[in-house]
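Asker: CSV, C-alpha atoms, saved as query19.csv, coming up:
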```csv
chain,number,residue,atom,x,y,z
A,1,MET,CA,0.9,14.4,25.2
A,2,SER,CA,-1.5,13.9,22.3
A,3,VAL,CA,-3.7,10.7,22.1
A,4,LEU,CA,-5.2,9.4,18.8
A,5,ASP,CA,-8.0,6.8,19.2
A,6,GLU,CA,-10.9,5.6,17.0
A,7,ASP,CA,-13.2,5.4,20.0
A,8,PRO,CA,-14.5,8.6,21.7
A,9,LEU,CA,-15.1,6.6,24.8
A,10,SER,CA,-11.3,6.4,25.3
A,11,HIS,CA,-11.4,10.1,26.0
A,12,GLU,CA,-13.7,9.6,29.0
A,13,ARG,CA,-11.4,6.8,30.2
A,14,LEU,CA,-8.5,9.3,30.3
A,15,ASP,CA,-10.5,11.5,32.7
A,16,ALA,CA,-11.7,8.7,35.0
A,17,GLY,CA,-10.3,8.9,38.5
A,18,GLN,CA,-8.4,12.1,37.8
A,19,GLN,CA,-8.7,15.4,39.6
A,20,THR,CA,-8.8,17.5,36.4
A,21,THR,CA,-9.9,16.7,32.8
A,22,TRP,CA,-7.4,15.4,30.3
A,23,GLU,CA,-7.4,18.7,28.5
A,24,ASP,CA,-6.9,20.7,31.8
A,25,ALA,CA,-4.0,18.5,32.6
A,26,GLY,CA,-2.4,19.6,29.3
A,27,GLY,CA,-3.5,16.6,27.1
A,28,ARG,CA,-4.8,16.5,23.6
A,29,PHE,CA,-7.3,14.0,22.2
A,30,THR,CA,-8.1,13.3,18.5
A,31,VAL,CA,-10.7,10.8,17.3
A,32,GLY,CA,-9.4,9.0,14.2
A,33,THR,CA,-7.9,6.0,12.6
A,34,ALA,CA,-4.1,5.5,13.0
A,35,ILE,CA,-3.3,4.9,9.4
A,36,GLU,CA,-5.2,7.9,8.1
A,37,ILE,CA,-2.7,10.6,7.3
A,38,ASP,CA,-5.2,13.3,8.1
A,39,ALA,CA,-5.8,11.9,11.6
A,40,LEU,CA,-2.1,11.7,12.2
A,41,LEU,CA,-1.7,15.3,11.2
A,42,ALA,CA,-4.6,16.4,13.3
A,43,ALA,CA,-3.1,14.7,16.3
A,44,GLY,CA,0.1,16.7,15.7
A,45,ILE,CA,2.6,14.1,14.3
A,46,GLU,CA,4.6,16.8,12.6
A,47,GLU,CA,5.4,18.5,15.9
A,48,CYS,CA,6.1,15.4,18.0
A,49,ASP,CA,9.4,14.4,19.5
A,50,MET,CA,8.3,10.8,20.2
A,51,PHE,CA,5.7,8.5,18.7
A,52,ILE,CA,4.1,5.5,20.4
A,53,ALA,CA,2.1,3.0,18.4
A,54,ALA,CA,0.0,0.9,20.8
A,55,THR,CA,-3.3,0.0,19.1
A,56,ARG,CA,-4.5,-3.6,19.7
A,57,GLY,CA,-3.3,-4.6,16.2
A,58,ASP,CA,0.3,-5.7,15.8
A,59,ASN,CA,0.3,-5.1,12.0
A,60,THR,CA,-1.4,-1.7,12.4
A,61,ASN,CA,1.3,-0.7,14.9
A,62,ILE,CA,4.1,-1.9,12.7
A,63,LEU,CA,2.7,0.0,9.7
A,64,VAL,CA,1.9,3.3,11.5
A,65,ALA,CA,5.3,3.2,13.2
A,66,GLN,CA,7.1,3.0,9.9
A,67,ILE,CA,4.9,5.8,8.6
A,68,ALA,CA,6.0,8.0,11.5
A,69,GLN,CA,9.6,7.1,10.9
A,70,LYS,CA,9.9,7.2,7.2
A,71,ARG,CA,7.2,9.7,6.1
A,72,PHE,CA,7.3,12.1,9.1
A,73,GLY,CA,10.9,11.6,10.2
A,74,VAL,CA,10.0,11.2,13.9
A,75,LYS,CA,13.2,10.4,15.7
A,76,ARG,CA,12.0,8.4,18.5
A,77,VAL,CA,9.3,5.7,17.7
A,78,VAL,CA,8.2,2.9,20.1
A,79,VAL,CA,5.9,0.1,18.9
A,80,ARG,CA,3.8,-2.4,20.8
A,81,VAL,CA,4.0,-5.8,19.1
A,82,LEU,CA,2.5,-8.8,21.0
A,83,ASP,CA,3.8,-11.6,18.7
A,84,PRO,CA,7.4,-12.3,19.8
A,85,ALA,CA,8.5,-13.4,16.3
A,86,ARG,CA,7.3,-10.2,14.6
A,87,ALA,CA,8.7,-8.1,17.5
A,88,ASP,CA,12.1,-9.7,17.1
A,89,TRP,CA,12.3,-9.4,13.4
A,90,TYR,CA,11.1,-5.8,13.2
A,91,GLY,CA,13.4,-5.0,16.2
A,92,GLU,CA,16.3,-6.2,14.0
A,93,GLN,CA,15.1,-3.9,11.2
A,94,GLY,CA,15.4,-0.8,13.5
A,95,LEU,CA,12.0,-0.5,15.1
A,96,ASP,CA,12.0,-0.1,18.9
A,97,THR,CA,9.5,-2.9,19.7
A,98,ILE,CA,8.0,-3.6,23.2
A,99,CYS,CA,6.6,-7.1,23.5
A,100,ALA,CA,4.4,-7.6,26.5
A,101,VAL,CA,4.2,-11.4,25.8
A,102,LYS,CA,8.0,-11.8,26.0
A,103,LEU,CA,8.1,-9.7,29.2
A,104,GLY,CA,5.3,-11.7,30.7
A,105,ILE,CA,7.0,-15.0,29.8
A,106,GLU,CA,10.2,-13.8,31.5
A,107,MET,CA,8.2,-12.9,34.7
A,108,PHE,CA,6.6,-16.3,34.7
A,109,GLU,CA,9.9,-18.0,34.2
A,110,LYS,CA,11.3,-16.1,37.1
A,111,ALA,CA,8.4,-17.0,39.3
A,112,VAL,CA,8.7,-20.7,38.3
A,113,ALA,CA,12.5,-20.6,39.0
A,114,GLU,CA,11.9,-19.0,42.4
A,115,ALA,CA,9.2,-21.6,43.3
A,116,ALA,CA,11.5,-24.4,42.3
A,117,ALA,CA,14.4,-23.0,44.4
B,1,MET,CA,6.7,-21.7,-10.3
B,2,TYR,CA,5.7,-21.9,-6.6
B,3,VAL,CA,3.2,-19.3,-5.5
B,4,VAL,CA,2.0,-18.5,-1.9
B,5,VAL,CA,-1.4,-16.8,-1.9
B,6,VAL,CA,-2.5,-15.3,1.5
B,7,GLY,CA,-6.2,-14.8,1.9
B,8,GLY,CA,-8.9,-17.2,0.7
B,9,GLY,CA,-11.7,-14.8,-0.1
B,10,LYS,CA,-13.2,-14.4,-3.5
B,11,VAL,CA,-10.0,-12.9,-5.0
B,12,GLY,CA,-7.6,-15.4,-3.3
B,13,LEU,CA,-9.6,-18.5,-4.0
B,14,ASN,CA,-10.2,-17.7,-7.7
B,15,LEU,CA,-6.6,-16.8,-8.1
B,16,ALA,CA,-5.4,-20.0,-6.6
B,17,ARG,CA,-7.9,-22.0,-8.7
B,18,GLU,CA,-6.7,-20.4,-11.9
B,19,LEU,CA,-3.0,-20.8,-11.0
B,20,ILE,CA,-3.5,-24.5,-10.2
B,21,ARG,CA,-5.3,-24.9,-13.5
B,22,ASN,CA,-2.4,-23.4,-15.3
B,23,GLY,CA,-0.1,-26.0,-13.8
B,24,GLN,CA,1.5,-23.9,-11.1
B,25,GLU,CA,2.3,-25.1,-7.6
B,26,VAL,CA,0.2,-23.1,-5.1
B,27,THR,CA,-0.3,-22.8,-1.4
B,28,LEU,CA,-3.3,-20.8,-0.2
B,29,ILE,CA,-3.3,-19.5,3.4
B,30,GLU,CA,-6.7,-18.8,5.1
B,31,SER,CA,-7.2,-17.7,8.7
B,32,ASP,CA,-10.9,-18.4,9.0
B,33,ARG,CA,-11.5,-22.0,10.1
B,34,ARG,CA,-14.8,-22.3,8.4
B,35,ALA,CA,-13.6,-20.8,5.1
B,36,TYR,CA,-10.6,-23.0,5.3
B,37,LEU,CA,-12.6,-26.2,5.8
B,38,ARG,CA,-14.9,-25.3,2.9
B,39,ILE,CA,-12.0,-24.6,0.5
B,40,GLU,CA,-10.1,-27.6,1.6
B,41,GLN,CA,-12.9,-29.8,0.1
B,42,GLU,CA,-11.8,-28.4,-3.3
B,43,LEU,CA,-8.1,-27.6,-3.0
B,44,GLU,CA,-7.1,-30.3,-0.6
B,45,HIS,CA,-3.4,-30.1,0.3
B,46,ALA,CA,-3.1,-26.7,-1.6
B,47,ILE,CA,-4.6,-24.8,1.3
B,48,GLN,CA,-3.3,-24.3,4.8
B,49,TYR,CA,-5.0,-23.0,7.9
B,50,GLY,CA,-3.4,-20.1,9.8
B,51,ASP,CA,-2.8,-16.3,10.2
B,52,GLY,CA,-0.6,-15.4,7.2
B,53,THR,CA,0.9,-12.5,9.2
B,54,GLU,CA,2.5,-15.0,11.6
B,55,LEU,CA,6.0,-15.9,10.5
B,56,TRP,CA,5.7,-19.6,11.4
B,57,VAL,CA,2.6,-19.9,9.3
B,58,LEU,CA,4.4,-18.4,6.3
B,59,GLU,CA,7.4,-20.7,6.9
B,60,ARG,CA,5.2,-23.7,7.1
B,61,ALA,CA,3.7,-22.8,3.7
B,62,GLY,CA,7.3,-22.8,2.4
B,63,ILE,CA,7.7,-19.0,1.8
B,64,GLN,CA,11.5,-19.5,1.7
B,65,ARG,CA,11.2,-21.2,-1.7
B,66,ALA,CA,8.3,-19.2,-3.1
B,67,ASP,CA,8.9,-17.5,-6.5
B,68,LEU,CA,5.9,-15.3,-5.9
B,69,VAL,CA,3.9,-14.2,-2.8
B,70,VAL,CA,0.5,-12.7,-3.3
B,71,ALA,CA,-1.2,-10.9,-0.4
B,72,VAL,CA,-4.9,-10.5,-1.0
B,73,THR,CA,-6.5,-10.4,2.5
B,74,GLY,CA,-9.2,-7.8,3.2
B,75,ASP,CA,-6.9,-5.9,5.5
B,76,ASP,CA,-4.3,-3.5,4.0
B,77,GLU,CA,-2.0,-3.6,7.1
B,78,ASP,CA,-1.8,-7.4,6.9
B,79,ASN,CA,-1.1,-7.3,3.1
B,80,ILE,CA,1.7,-4.7,3.7
B,81,LEU,CA,3.3,-6.8,6.5
B,82,ILE,CA,3.1,-10.1,4.5
B,83,CYS,CA,4.8,-8.5,1.5
B,84,GLN,CA,7.4,-6.7,3.6
B,85,VAL,CA,8.5,-9.9,5.4
B,86,ALA,CA,8.3,-11.9,2.1
B,87,LYS,CA,10.6,-9.4,0.4
B,88,GLU,CA,13.0,-8.4,3.2
B,89,LYS,CA,13.1,-11.4,5.5
B,90,TYR,CA,12.6,-14.3,3.1
B,91,LEU,CA,14.1,-12.5,0.1
B,92,CYS,CA,11.2,-13.5,-2.2
B,93,GLU,CA,11.9,-11.7,-5.5
B,94,ARG,CA,8.3,-11.1,-6.6
B,95,ILE,CA,5.4,-9.9,-4.6
B,96,ILE,CA,1.9,-8.6,-5.4
B,97,ALA,CA,-0.3,-6.9,-2.9
B,98,ARG,CA,-4.0,-6.1,-2.9
B,99,CYS,CA,-4.8,-2.6,-1.7
B,100,ASN,CA,-8.4,-2.5,-0.4
B,101,ASN,CA,-8.7,1.2,0.4
B,102,PRO,CA,-7.1,3.4,-2.3
B,103,ARG,CA,-6.2,5.9,0.4
B,104,ASN,CA,-3.7,3.4,1.7
B,105,LEU,CA,-1.9,3.1,-1.6
B,106,GLN,CA,0.6,5.8,-0.4
B,107,HIS,CA,1.6,3.5,2.4
B,108,PHE,CA,2.3,0.6,0.0
B,109,LYS,CA,4.5,3.0,-2.0
B,110,LEU,CA,6.3,4.4,1.0
B,111,LEU,CA,7.4,0.9,2.0
B,112,GLY,CA,8.2,-0.2,-1.5
B,113,ILE,CA,5.4,-2.7,-1.7
B,114,GLN,CA,4.9,-2.9,-5.5
B,115,PRO,CA,2.9,-3.7,-7.4
B,116,ALA,CA,-0.1,-2.9,-5.2
B,117,VAL,CA,-3.4,-3.6,-7.0
B,118,SER,CA,-6.4,-1.5,-6.1
B,119,ALA,CA,-9.7,-2.8,-7.6
B,120,THR,CA,-11.3,0.7,-7.0
B,121,ASP,CA,-8.5,2.4,-8.9
B,122,LEU,CA,-8.7,-0.2,-11.8
B,123,ILE,CA,-12.4,0.5,-12.2
B,124,LEU,CA,-11.8,4.3,-11.9
B,125,ASN,CA,-9.1,4.0,-14.7
B,126,LEU,CA,-11.6,2.1,-16.9
B,127,ILE,CA,-14.2,4.8,-16.3
B,128,GLU,CA,-11.6,7.4,-17.2
B,129,HIS,CA,-10.8,5.4,-20.3
B,130,GLU,CA,-14.5,5.0,-21.3
B,131,VAL,CA,-15.5,8.6,-20.5
B,132,PRO,CA,-12.3,10.7,-21.1
B,133,GLY,CA,-13.8,14.3,-21.0
B,134,HIS,CA,-10.5,15.9,-20.1
B,135,GLY,CA,-9.2,17.7,-23.2
B,136,LEU,CA,-7.8,14.7,-25.0
B,137,VAL,CA,-8.9,12.9,-28.2
B,138,HIS,CA,-8.5,9.2,-28.8
B,139,LEU,CA,-6.9,8.8,-32.2
B,140,LEU,CA,-6.4,5.0,-32.1
B,141,ASP,CA,-7.4,2.2,-29.7
B,142,LEU,CA,-5.9,-1.2,-30.0
B,143,PRO,CA,-7.6,-3.1,-27.2
B,144,ASP,CA,-6.1,-6.5,-28.0
B,145,GLU,CA,-2.6,-5.0,-28.0
B,146,GLN,CA,-3.4,-2.9,-24.9
B,147,LEU,CA,-2.3,0.3,-26.6
B,148,GLU,CA,-3.8,3.5,-27.6
B,149,ILE,CA,-2.7,6.8,-29.1
B,150,ILE,CA,-4.2,10.1,-27.9
B,151,GLU,CA,-3.9,13.7,-28.8
B,152,VAL,CA,-3.8,16.5,-26.2
B,153,GLU,CA,-3.3,20.2,-26.4
B,154,VAL,CA,-0.7,21.6,-24.0
B,155,VAL,CA,-2.2,24.3,-21.7
B,156,ALA,CA,-0.2,27.2,-20.4
B,157,GLY,CA,0.9,26.6,-16.8
B,158,ALA,CA,0.7,22.8,-17.2
B,159,PRO,CA,3.7,20.9,-15.7
B,160,ALA,CA,4.9,19.9,-19.2
B,161,ALA,CA,4.5,23.4,-20.7
B,162,GLY,CA,7.9,25.0,-21.5
B,163,ARG,CA,9.8,21.8,-20.6
B,164,ARG,CA,12.1,19.6,-22.6
B,165,VAL,CA,10.6,16.2,-23.6
B,166,ALA,CA,13.3,14.5,-21.5
B,167,ASP,CA,12.2,16.4,-18.4
B,168,ILE,CA,8.5,15.7,-18.6
B,169,GLU,CA,7.4,13.2,-15.9
B,170,LEU,CA,5.4,10.8,-17.9
B,171,PRO,CA,3.9,7.7,-16.3
B,172,GLU,CA,5.6,4.4,-17.1
B,173,GLY,CA,3.9,2.9,-20.2
B,174,SER,CA,3.6,6.1,-22.2
B,175,LEU,CA,5.7,7.9,-24.7
B,176,ILE,CA,5.4,11.2,-26.7
B,177,ILE,CA,5.6,10.2,-30.4
B,178,SER,CA,4.8,13.4,-32.1
B,179,VAL,CA,4.6,17.2,-31.6
B,180,LEU,CA,2.2,19.4,-33.7
B,181,PRO,CA,3.2,23.0,-33.1
B,182,ARG,CA,0.4,25.6,-33.6
B,183,GLY,CA,0.4,26.4,-37.3
B,184,GLY,CA,3.4,24.3,-38.1
B,185,ALA,CA,4.2,20.8,-39.4
B,186,GLY,CA,4.2,17.9,-37.0
B,187,PHE,CA,7.5,16.2,-36.2
B,188,VAL,CA,8.9,13.4,-34.0
B,189,PRO,CA,10.5,15.1,-30.9
B,190,LYS,CA,14.0,14.6,-29.6
B,191,PRO,CA,14.8,14.5,-25.9
B,192,ASP,CA,15.7,18.2,-25.9
B,193,THR,CA,12.7,19.4,-27.9
B,194,VAL,CA,10.8,22.0,-25.8
B,195,ILE,CA,7.0,21.6,-25.5
B,196,ASP,CA,5.2,25.0,-25.7
B,197,PRO,CA,1.7,25.9,-24.6
B,198,GLY,CA,-0.6,25.6,-27.6
B,199,ASP,CA,1.3,22.7,-29.1
B,200,GLU,CA,-0.5,19.4,-29.6
B,201,VAL,CA,1.2,16.2,-28.6
B,202,LEU,CA,0.5,12.7,-29.6
B,203,VAL,CA,1.2,10.1,-26.9
B,204,VAL,CA,1.1,6.3,-27.1
B,205,LEU,CA,0.1,4.8,-23.8
B,206,ASP,CA,-1.3,1.8,-22.0
B,207,PRO,CA,-5.1,2.1,-21.5
B,208,GLY,CA,-6.0,3.7,-18.2
B,209,LEU,CA,-3.1,6.3,-18.1
B,210,GLU,CA,-5.3,9.1,-19.5
B,211,ARG,CA,-5.6,10.9,-16.1
B,212,ALA,CA,-1.9,10.8,-15.5
B,213,ILE,CA,-1.2,12.1,-19.0
B,214,THR,CA,-3.8,14.9,-18.7
B,215,GLU,CA,-2.2,16.0,-15.4
B,216,GLN,CA,1.1,16.7,-17.3
B,217,PHE,CA,-0.4,18.5,-20.3
B,218,ALA,CA,-3.8,19.9,-19.5
B,219,PRO,CA,-4.4,19.6,-15.7
B,220,ASN,CA,-7.7,21.7,-15.7
B,221,GLY,CA,-9.4,19.9,-18.6
B,222,ARG,CA,-10.0,21.2,-22.0
B,223,PRO,CA,-8.3,24.5,-22.8
B,224,GLY,CA,-10.3,27.6,-23.6
```
Please lay out the structure from this file as structure tokens.

Answerer:
Amino acid sequence: MSVLDEDPLSHERLDAGQQTTWEDAGGRFTVGTAIEIDALLAAGIEECDMFIAATRGDNTNILVAQIAQKRFGVKRVVVRVLDPARADWYGEQGLDTICAVKLGIEMFEKAVAEAAA
Amino acid sequence: MYVVVVGGGKVGLNLARELIRNGQEVTLIESDRRAYLRIEQELEHAIQYGDGTELWVLERAGIQRADLVVAVTGDDEDNILICQVAKEKYLCERIIARCNNPRNLQHFKLLGIQPAVSATDLILNLIEHEVPGHGLVHLLDLPDEQLEIIEVEVVAGAPAAGRRVADIELPEGSLIISVLPRGGAGFVPKPDTVIDPGDEVLVVLDPGLERAITEQFAPNGRPG
């Protein structure tokens, strides 16, 4: 598992509450920006079997996922997209999108239905 | 012509202003509420408030019937996404994207977002044009016609050296018009003419292509 993040503090967060450090547990960490090719290379995108794009920006995730797919030929790419409309359309275009907003709405709907029953 | 411009910064606002003055129908989309209110005083109904990377905002602006979509926000990811959905979801035939960071130009190319305009690269090209210094001589400049003719000596080991004219990868907007072999008379080349090291070639080109031309004929600057 290799993590790429702009913020060095994220590295400390990976260690928090764990018995060993992130590196001792076999993890890698690279400080860098997702859409910088050099950062992706440093994080090991060429060797990876799976790529997860989960920054807090939908459009950044959609772009970097397509870079992983089309430029580096990563077979398995999963993308976090919060906006349901963009998640649906890019899903139809062949990106494996996970939309936390849609999942949340489903859970709320279920809870409402159960309360009404 | 109906034009949707996303991003109401200096570039977007002035673009919208000029297009409206030229009689075009324009909708400008701006996501900052304060900027929107300020521009609305001037452009009135020609500006809409919203995040232009949200599909419903683009649809409200009438992207389905747009002849041209111009994405000029300060964020390259946003500009790429806007142009990608304009082209592939709403089947808009013409798009123009602004590339803020020249290092992102490769991403625009990868996803077929063309043309992508980079102000940094435009200025760099102008500097190249004004200060050539890479082994080529300007023979003729026609600034009004946006054309120039240059002469460059082919260096051994250059990508074009030893290749047929038809196989040389020249940038769009340039053409080899004459070959002057060392110690021989100049002639107009045919597609199968082979360019040898030491030859001089005359190339007609759009201004700003000097660097791309030099890369083909004399990649390391002036020979000798």

Asker: Quick one: residues within 10 Å of region 89-93 of chain A, all atoms listed in the file, excluding same-chain residues fewer than 5 positions away - as a list of chain:residue names?

Answerer: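 Non-adjacent residues within range: A:Ile62, A:Val79, A:Val81, A:Pro84, A:Ile98, B:Leu55, B:Val85, B:Glu88, B:Lys89.
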
Asker: Hey, can you check how far CA of Ser2 (chain A) sits from CA of Lys109 (chain B)?

Answerer: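 Pair CA of Ser2 (chain A) / CA of Lys109 (chain B) returns 27.3 Å.
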
Asker: Would you pick out the contacts of Gln114 (chain B) at 8 Å or less, using all atoms listed in the file, so that residues sharing its chain but fewer than 6 positions from it are not included, and give the list as number ranges by chain?

Answerer: B: 95-97, 108

Asker: Check the smallest atom-to-atom distance from each of B:Ser174, B:Gln84, B:Ser118, B:Asn220 to chain A using all atoms listed in the file, then report the winner.

Answerer: B:Gln84

Asker: Please identify all residues of chain A having at least one atom at most 9 Å from any atom of chain B, considering all atoms listed in the file, and return them as a PyMOL selection string.

Answerer: chain A and resi 35-36+59-63+66-67+70-71+83+85-86+89

Asker: Find the spatial neighbours of region 1-6 of chain B, counting all atoms listed in the file, within a cut-off of 8 Å - ignore same-chain residues fewer than 2 positions away - and output them as a list in words.

Answerer: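 Everything that qualifies: Gly8, Gly12, Ala16, Gln24, Glu25, Val26, Thr27, Leu28, Ile29, Glu30, Gly52, Ala61, Ile63, Arg65, Ala66, Asp67, Leu68, Val69, Val70, Ala71, Val72 and Thr73 of chain B.
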
Asker: Looking at A:Thr97, A:Ala117, A:Glu6, A:Met107, which one is nearest to Ala39 (chain A), with distances taken over only C-alpha atoms?

Answerer: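 Ranked by minimum distance to Ala39 (chain A), first place goes to A:Glu6.
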
Asker: Separation of CA of Gln64 (chain B) and CA of Arg38 (chain B), in Å?

Answerer: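 Those two atoms sit 27.1 Å apart.
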
Asker: Just how far from CA of Met1 (chain A) is CA of Ala65 (chain A), in Å to one decimal?

Answerer: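 CA of Met1 (chain A) lies 17.0 Å from CA of Ala65 (chain A).
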
Asker: Need to verify the contact set: Gly186 (chain B), 12 Å, only C-alpha atoms, exclusion of same-chain residues closer than 4 positions in sequence. Can you return it as a ChimeraX atom specification?

Answerer: /B:177-182,199-202

Asker: Print the selection's residues with C-alpha atoms to a file, as a PDB file, in the frame of the given file.

Answerer:
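Okay, this is what ended up in result_10.pdb:
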```
ATOM      1  CA  ILE B 177       5.600  10.200 -30.400  1.00  0.00           C
ATOM      2  CA  SER B 178       4.800  13.400 -32.100  1.00  0.00           C
ATOM      3  CA  VAL B 179       4.600  17.200 -31.600  1.00  0.00           C
ATOM      4  CA  LEU B 180       2.200  19.400 -33.700  1.00  0.00           C
ATOM      5  CA  PRO B 181       3.200  23.000 -33.100  1.00  0.00           C
ATOM      6  CA  ARG B 182       0.400  25.600 -33.600  1.00  0.00           C
ATOM      7  CA  ASP B 199       1.300  22.700 -29.100  1.00  0.00           C
ATOM      8  CA  GLU B 200      -0.500  19.400 -29.600  1.00  0.00           C
ATOM      9  CA  VAL B 201       1.200  16.200 -28.600  1.00  0.00           C
ATOM     10  CA  LEU B 202       0.500  12.700 -29.600  1.00  0.00           C
TER      11      LEU B 202
END
```

Asker: Using all atoms listed in the file, which of A:Ile105, A:Leu14, A:Ala100, A:Val78 sits nearest Ala53 (chain A)?

Answerer: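 Looking only at the distances to Ala53 (chain A), the closest residue turns out to be A:Val78.
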
Asker: Which polymer residues, whether protein, DNA or RNA, lie within 12 Å of the coordinate (-2.6, 17.4, -19.5) when you count all atoms listed in the file? List them as a ChimeraX atom specification, using the chain letters and numbers from the file.

Answerer: /B:132-137,150-161,168-170,197-203,209-223

Asker: Write out as a VMD selection string the residues lying within 7 Å of Ser31 (chain B), counting only C-alpha atoms and excluding same-chain residues fewer than 2 positions away.

Answerer: chain B and resid 29 33 49 to 51

Asker: Taking all atoms listed in the file into account, name the residue in A:Lys75, A:Ala54, A:Ile45, A:Thr33 that is nearest to Cys99 (chain A).

Answerer: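 Checking each candidate against Cys99 (chain A), we get A:Ala54 as the closest.
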